[in-house]
2 protein chains.
Amino acid sequence: MDLSPAKPEGALPPSVEEAIRRDTVPRSIAEVQTPALLLDRDKLKANLDRMANRLRRFGVRLRPHMKTAKSAEVMRLALKGQFGGIVVQTVAEAEYFARHGCRDILYALSIVPNKLARLAALQAQGARVSLICDSLDAARAIQRTSASFGTSFPVLIEIDGDGLRSGIRADDPELGALAAALSSGPGTTFAGILCHYGSAYNAESRAELAKAAEAERAAAVSAAETIRQHGIDCPVVSVGSTPSALCGQRFDGVSEVRAGVYMFQDLSLVELGICDRSSIAMTVLATVVGHNRSASTLITDAGAIALSKDLGFTDRDTPHYGEIVDASSEEQLGLLVNNVSQEHGIVEAGAADFERLPIGSLIRILPNHACLTAAAHRGYHIIERGEIVDFWPTADGW
Amino acid sequence: MDLSPAKPEGALPPSVEEAIRRDTVPRSIAEVQTPALLLDRDKLKANLDRMANRLRRFGVRLRPHMKTAKSAEVMRLALKGQFGGIVVQTVAEAEYFARHGCRDILYALSIVPNKLARLAALQAQGARVSLICDSLDAARAIQRTSASFGTSFPVLIEIDGDGLRSGIRADDPELGALAAALSSGPGTTFAGILCHYGSAYNAESRAELAKAAEAERAAAVSAAETIRQHGIDCPVVSVGSTPSALCGQRFDGVSEVRAGVYMFQDLSLVELGICDRSSIAMTVLATVVGHNRSASTLITDAGAIALSKDLGFTDRDTPHYGEIVDASSEEQLGLLVNNVSQEHGIVEAGAADFERLPIGSLIRILPNHACLTAAAHRGYHIIERGEIVDFWPTADGW
C-alpha cells in the first residue's frame with residue numbers, strides 16, 4: 001500500500017483550474033457545488049422585521065437566539081434596532097459571537113464547571129455572559145469555579161413549565177432559596193428568570209399556541225413574583241420560542257423574548273400555521289443526480305447529512321425530509337424527499353417528473369427543521385433576486 | 001448596539017488560561033469538552049481485523065468505505081494488508097483522502113458534470129478516481145465533460161437490486177449498450193459493476209441477512225456476465241455493505257467488497273445481530289448538566305446535533321437516540337436518550353439515577369447510526385484503556 005504524497009498541486013490543466021475557481025466562488029446558483037444552503041436575504045430581512053415589529057408593539061425586548069443561524073452577518077441584521085443581547089446554546093457559539101463583537105451573551109444550557117473557563121475568558125475580554133441554573137447544587141458548583149477564576153457570572157433561574165426539558169417548577173419551594181444563594185455570591189449575581197415552553201411546538205391550532213405562550217409567560221412572571229416576595233430584585237424575565245413570540249397575546253411582566261428559527265422559518269412552522277412556505281428564507285440547493293425509472297424515484301445529492309433526519313411535524317401521515325421547489329421560481333413541484341441515506345435523497349416521482357427534472361437539474365428543498373439543517377453546513381450562499389451575492393460562514397462544534 | 005471589537009486577547013487571568021489550555025489538549029476523559037466523540041483504538045482495530053480476516057478467507061478484496069470515519073488515520077489502519085483502494089460518498093472526502101495519499105478512490109454517488117473538475121484535479125495529481133453511472137444520458141454527460149478536461153475516468157455501472165436507491169436493473173436491456181458506450185470513450189473507460197443492497201438493513205434475522213447478501217452478489221455477477229456476453233471485459237464486480245460483508249456466505253464472481261460502518265459498529269448493527277454492544281468503538285461523551293426531578297429526567301449536553309436524529313432500527317417500540325453506558329466501565333446503565341432538542345438530551349430516570357449520576361457526571365452514549373453521529377463532529381478523541389492518547393480530525397462538507 002503506497003500512501004506517499006502524490007504529485008504536487010499547481011500542475012492542473014488550465015480548464016480544470018478555471019472550473020475549480022468557478023466552484024470556489026460561484027457567481028450563480030448553477031455554479032454552486034451541491035448540496036449547499038441558499039439564504040434569501042430579502043426573506044431573511046422580512047422575517048426579522050416581522051418579529052421586531054411585533055415585539056416592539058408589545059414593548060418587549062428581543063434577544064435573538066443565534067443557535068439557528070450561527071452566523072455573525074445574520075446576528076448583525078437580527079440586532080438592528082434591538083438592545084444588543086443574544087442567546088446561544090453552545091460555548092463555541094458564545095466564543096464565535098463574542099469574537100464578532102457581541103457583548104451580551106446568554107448561554108442557555110445548564111452550565112457545568114469544566115465549561116466555565118472558556119466563558120470566563122469571554123468575560124475577561126469584555127463580554128457579559130449570563131448563565132442559567134435550576135438547582136442549589138449547580139449554583140454552588142458555578143460559584144466555586146467562577147470565584148476561582150476571579151470572575152462573577154449573572155445567572156438566571158430556569159423555570160420548567162411543561163416538563164419537557166430542564167428547569168425548576170415555578171411553585172417549587174426551593175425557588176426563593178435558589179435566588180438568594182445566587183444573589184449572595186461570590187461568583188454569581190442573580191439576574192432573573194428564564195422560561196421556555198417546548199410544548200408550544202406540539203400545539204395543533206393558533207389558539208393552542210397562544211395558550212402555550214400565555215402559560216410560559218404566567219410561569220415566568222409568577223416565579224419572578226415569588227422571588228421579589230423574598231426581597232430579591234428580579235430584573236430579567238425572559239420567555240420564548242418562535243411560536244410563543246409570534247402567537248403570544250400578552251407580554252406583561254416579561255422583559256425580553258428569545259426566538260431563533262423565526263429568522264429562517266421552516267416546514268415545522270408552516271405546519272404550526274405560523275408562516276407560509278414562501279417566507280422560508282433558507283433552502284437546501286441540491287442536484288438531481290439520477291433517475292431510477294424502474295423504482296419511480298429521482299435521486300438527489302442532499303441526503304441525511306445535508307437535510308438532517310428530522311421529520312419535523314410536517315405531516316405525520318407521510319413522513320418526509322423536505323419539500324421540493326423549483327430552483328429558480330421556487331414553485332412547488334409536488335415532490336417530497338421521501339427517504340434518505342447518508343448522501344442520497346430519494347424522491348418518489350412519475351414519468352412527467354423525469355421529463356421536467358433531467359439529470360443535472362437543480363432543485364431546492366424546504367427544510368423540516370431549519371436549525372438542524374443549518375448546523376450540518378459550514379455557511380450560506382446569500383441570494384438576492386435569485387443571484388448569489390455573498391457567502392456567510394457559520395460557527396461550528398461545541 | 002455596539003459590535004466593535006472587545007479587549008484584545010492575551011489578557012486572561014492565569015487560572016483561566018491554564019484551564020483553557022487543559023480543555024484544548026485534554027489528557028484524560030474528564031478534561032474533554034463535551035459533547036465529543038471517543039474512539040477506542042483497540043475496539044477499532046478488532047473490528048477492522050474481524051472484517052479483514054473474514055474477507056481474506058473468502059479470497060475477496062476489501063475496499064473500505066471512508067464515509068463513516070472520514071479520517072486519514074482510520075484509513076491507514078483500515079488499509080493495512082489491503083490493496084489500497086477506498087470508497088467515498090462526497091467530493092470533499094475524495095479530496096481529503098487523496099491529500100492523505102490515497103491513489104485509488106471510488107466516488108460512489110452518481111456524478112454530475114459540475115462536480116467533475118475537482119475529481120479531474122485529483123486525477124491530474126496522481127490519484128485514480130472511479131465513478132459510477134446508471135444511464136446512457138449520464139454516461140454521455142461524463143464523457144463530454146471529462147474529455148474537455150483532457151482526462152478519462154474509470155466508470156462502474158451501478159446495479160439496482162432492491163429499488164431503494166439508484167442503479168439500473170441487472171436485467172435491463174440497456175445494460176450491454178451502457179457498458180459499450182462507457183468502454184468506447186473518450187472520457188471514460190468501463191471498469192465494472194457495483195451493487196449495494198440497502199434492504200440488507202431491513203433484515204430481521206441472520207438468515208435474511210445472508211439472503212440479502214446473496215441477492216446482491218447474484219445481481220452483480222449476473223450483470224457482469226451479461227456484459228461479458230457482449231464481448232466487453234468486466235474486471236471489477238463490487239458489492240457490499242457491512243451486513244452483506246459480514247453475513248454473505250459466498251463471494252464467487254465478486255472482486256471486491258465495500259463496507260464502512262463495520263469499523264465503528266453501532267446499535268443498528270447490534271439490532272441486526274451482527275455485533276455486540278461491547279464492540280462499538282465510537283461513543284459520544286456527554287455530561288449530565290441537569291436533574292429535572294419533577295419530570296424524572298436527566299438532562300445531558302448531547303442533543304440532536306451531537307447524536308443525530310437517526311432513530312436507527314434499535315427498537316421500534318421505544319424510539320430513542322442512543323443507549324447510555326458508564327463513562328469509565330462502559331457498563332450499561334439501563335438508560336436511553338429518550339428525547340432530544342438541538343443541544344439537550346433528555347433521559348428518563350429514577351431517584352437512584354439522580355444519586356449515581358450527579359450533575360457534572362460524564363456518561364457515554366452508544367450511537368444508533370455511527371455514520372451520522374460521526375459526521376456531526378470534527379474529529380475523535382482516541383482512547384486506549386480509557387486514557388486519551390490522540391485526536392484525529394475528520395473531513396467535512398461536500
# chains A, B, ... in the order shown; residues from 1 in each chain; ligands from 1

$ closest_atom_pairs --of "chain B" --to "chain A" --cutoff "7 Å" --atoms "only C-alpha atoms" --output "Markdown table"
| residue | atom | partner | partner_atom | distance |
| --- | --- | --- | --- | --- |
| B:Met1 | CA | A:Gly84 | CA | 5.3 |
| B:Leu3 | CA | A:Gly101 | CA | 4.2 |
| B:Ser4 | CA | A:Gly101 | CA | 5.3 |
| B:Pro5 | CA | A:Gly101 | CA | 5.1 |
| B:Ala6 | CA | A:Gly126 | CA | 5.6 |
| B:Lys7 | CA | A:Gln125 | CA | 4.9 |
| B:Pro8 | CA | A:Gln125 | CA | 6.8 |
| B:Glu9 | CA | A:Gln125 | CA | 6.7 |
| B:Leu12 | CA | A:Ala124 | CA | 6.0 |
| B:Ser15 | CA | A:Phe149 | CA | 5.9 |
| B:Val16 | CA | A:Ala117 | CA | 5.3 |
| B:Ala19 | CA | A:Ala117 | CA | 5.9 |
| B:Ile20 | CA | A:Ala117 | CA | 6.1 |
| B:Gln33 | CA | A:Lys115 | CA | 6.9 |
| B:Phe83 | CA | A:Met1 | CA | 6.3 |
| B:Gly84 | CA | A:Met1 | CA | 5.3 |
| B:Gln89 | CA | A:Glu343 | CA | 6.7 |
| B:Gly101 | CA | A:Leu3 | CA | 4.2 |
| B:Cys102 | CA | A:Leu3 | CA | 5.5 |
| B:Ser110 | CA | A:Val289 | CA | 5.6 |
| B:Ile111 | CA | A:Val289 | CA | 6.4 |
| B:Val112 | CA | A:Gly360 | CA | 5.8 |
| B:Lys115 | CA | A:Gln33 | CA | 6.9 |
| B:Ala117 | CA | A:Val16 | CA | 5.3 |
| B:Arg118 | CA | A:Ile20 | CA | 6.2 |
| B:Ala120 | CA | A:Val16 | CA | 6.9 |
| B:Ala121 | CA | A:Leu12 | CA | 6.2 |
| B:Ala124 | CA | A:Leu12 | CA | 6.1 |
| B:Gln125 | CA | A:Lys7 | CA | 4.9 |
| B:Gly126 | CA | A:Ala6 | CA | 5.6 |
| B:Phe149 | CA | A:Ser15 | CA | 5.9 |
| B:Gly163 | CA | A:Ala295 | CA | 5.2 |
| B:Arg165 | CA | A:Ile346 | CA | 6.7 |
| B:Ser166 | CA | A:Asn292 | CA | 5.7 |
| B:Gly167 | CA | A:Asn292 | CA | 6.5 |
| B:Val289 | CA | A:Ser110 | CA | 5.6 |
| B:Gly290 | CA | A:Ser110 | CA | 6.5 |
| B:Asn292 | CA | A:Ser166 | CA | 5.7 |
| B:Ala295 | CA | A:Gly163 | CA | 5.2 |
| B:Ile299 | CA | A:Ser166 | CA | 6.6 |
| B:Ile305 | CA | A:Leu372 | CA | 6.7 |
| B:Lys309 | CA | A:Lys309 | CA | 5.4 |
| B:Asp310 | CA | A:Lys309 | CA | 5.9 |
| B:Glu343 | CA | A:Gln89 | CA | 6.7 |
| B:Ile346 | CA | A:Arg165 | CA | 6.7 |
| B:Gly360 | CA | A:Val112 | CA | 5.8 |
| B:Leu372 | CA | A:Ile305 | CA | 6.7 |
| B:Ala376 | CA | A:Ala376 | CA | 6.9 |
| B:His377 | CA | A:Gly397 | CA | 6.7 |
| B:Gly397 | CA | A:His377 | CA | 6.7 |

$ residues_around --residues "Gln265 of chain B" --least-positions-apart "2" --cutoff "7 Å" --atoms "only C-alpha atoms" --output "ChimeraX atom specification"
/B:261-263,269,279-281,370

$ write_last_selection --atoms "N, CA, C and O atoms" --output "JSON list (two decimals), in the first residue's frame"
[["chain", "number", "residue", "atom", "x", "y", "z"],
["B", 261, "VAL", "N", -19.32, 0.97, 8.05],
["B", 261, "VAL", "CA", -19.70, 1.14, 9.45],
["B", 261, "VAL", "C", -19.15, 0.02, 10.33],
["B", 261, "VAL", "O", -19.12, 0.15, 11.56],
["B", 262, "TYR", "N", -18.66, -1.08, 9.72],
["B", 262, "TYR", "CA", -18.03, -2.16, 10.49],
["B", 262, "TYR", "C", -16.89, -1.63, 11.34],
["B", 262, "TYR", "O", -16.55, -2.20, 12.37],
["B", 263, "MET", "N", -16.26, -0.53, 10.91],
["B", 263, "MET", "CA", -15.10, 0.00, 11.65],
["B", 263, "MET", "C", -15.50, 0.43, 13.06],
["B", 263, "MET", "O", -14.77, 0.20, 14.01],
["B", 269, "LEU", "N", -26.38, -2.11, 14.02],
["B", 269, "LEU", "CA", -25.76, -3.41, 13.76],
["B", 269, "LEU", "C", -26.03, -4.39, 14.91],
["B", 269, "LEU", "O", -26.20, -5.59, 14.69],
["B", 279, "SER", "N", -18.50, -4.18, 21.20],
["B", 279, "SER", "CA", -17.57, -3.93, 20.10],
["B", 279, "SER", "C", -17.79, -2.56, 19.46],
["B", 279, "SER", "O", -17.11, -2.22, 18.49],
["B", 280, "ILE", "N", -18.73, -1.78, 19.96],
["B", 280, "ILE", "CA", -18.95, -0.43, 19.42],
["B", 280, "ILE", "C", -17.75, 0.44, 19.81],
["B", 280, "ILE", "O", -17.50, 0.67, 20.99],
["B", 281, "ALA", "N", -17.00, 0.89, 18.80],
["B", 281, "ALA", "CA", -15.73, 1.58, 19.07],
["B", 281, "ALA", "C", -15.89, 3.08, 19.27],
["B", 281, "ALA", "O", -15.06, 3.71, 19.91],
["B", 370, "ALA", "N", -23.73, 5.18, 13.53],
["B", 370, "ALA", "CA", -22.41, 5.78, 13.72],
["B", 370, "ALA", "C", -22.05, 6.77, 12.61],
["B", 370, "ALA", "O", -21.39, 7.78, 12.87]]

$ select_by_dssp --residues "segment 157-398 of chain A" --states "alpha helix (DSSP H)" --output "ChimeraX atom specification"
/A:175-183,206-229,242-247,267-271,304-307,351-356,370-375

$ atom_distance --atom1 "atom CA of Val270 of chain A" --atom2 "atom CA of Leu37 of chain A"
19.3 Å

$ atom_distance --atom1 "atom CA of Ser238 of chain A" --atom2 "atom CA of His369 of chain A"
23.6 Å

$ residues_around --residues "Ser329 of chain B" --least-positions-apart "6" --cutoff "12 Å" --atoms "only C-alpha atoms" --output "number ranges by chain"
B: 278, 362-364, 385-386

$ residues_around --residues "Ala191 of chain A" --least-positions-apart "3" --cutoff "7 Å" --atoms "only C-alpha atoms" --output "list of chain:residue names"
A:Pro154, A:Val155, A:Leu156, A:Cys234, A:Pro235, A:Val236

$ write_last_selection --atoms "C-alpha atoms" --output "PDB file, in the first residue's frame"
ATOM      1  CA  PRO A 154     -25.001  36.842  36.085  1.00  0.00           C
ATOM      2  CA  VAL A 155     -27.259  33.784  36.486  1.00  0.00           C
ATOM      3  CA  LEU A 156     -30.918  33.335  35.581  1.00  0.00           C
ATOM      4  CA  CYS A 234     -35.513  40.156  39.533  1.00  0.00           C
ATOM      5  CA  PRO A 235     -34.657  42.413  36.601  1.00  0.00           C
ATOM      6  CA  VAL A 236     -34.847  39.887  33.747  1.00  0.00           C
TER       7      VAL A 236
END

$ closest_residue --among "A:Glu93, A:Glu355, A:Asp252, A:Glu174" --to "Phe58 of chain A" --atoms "only C-alpha atoms"
A:Asp252

$ residues_around --residues "segment 39-47 of chain B" --least-positions-apart "2" --cutoff "6 Å" --atoms "only C-alpha atoms" --output "list in words"
Asp49, Arg50, Met263, Ser279, Ala281, Met282, Tyr380, Ile382, Ile383 and Glu384 of chain B

$ closest_residue --among "A:Ala177, A:Cys247, A:Ala200, A:Leu38" --to "Ile232 of chain A" --atoms "only C-alpha atoms"
A:Ala177
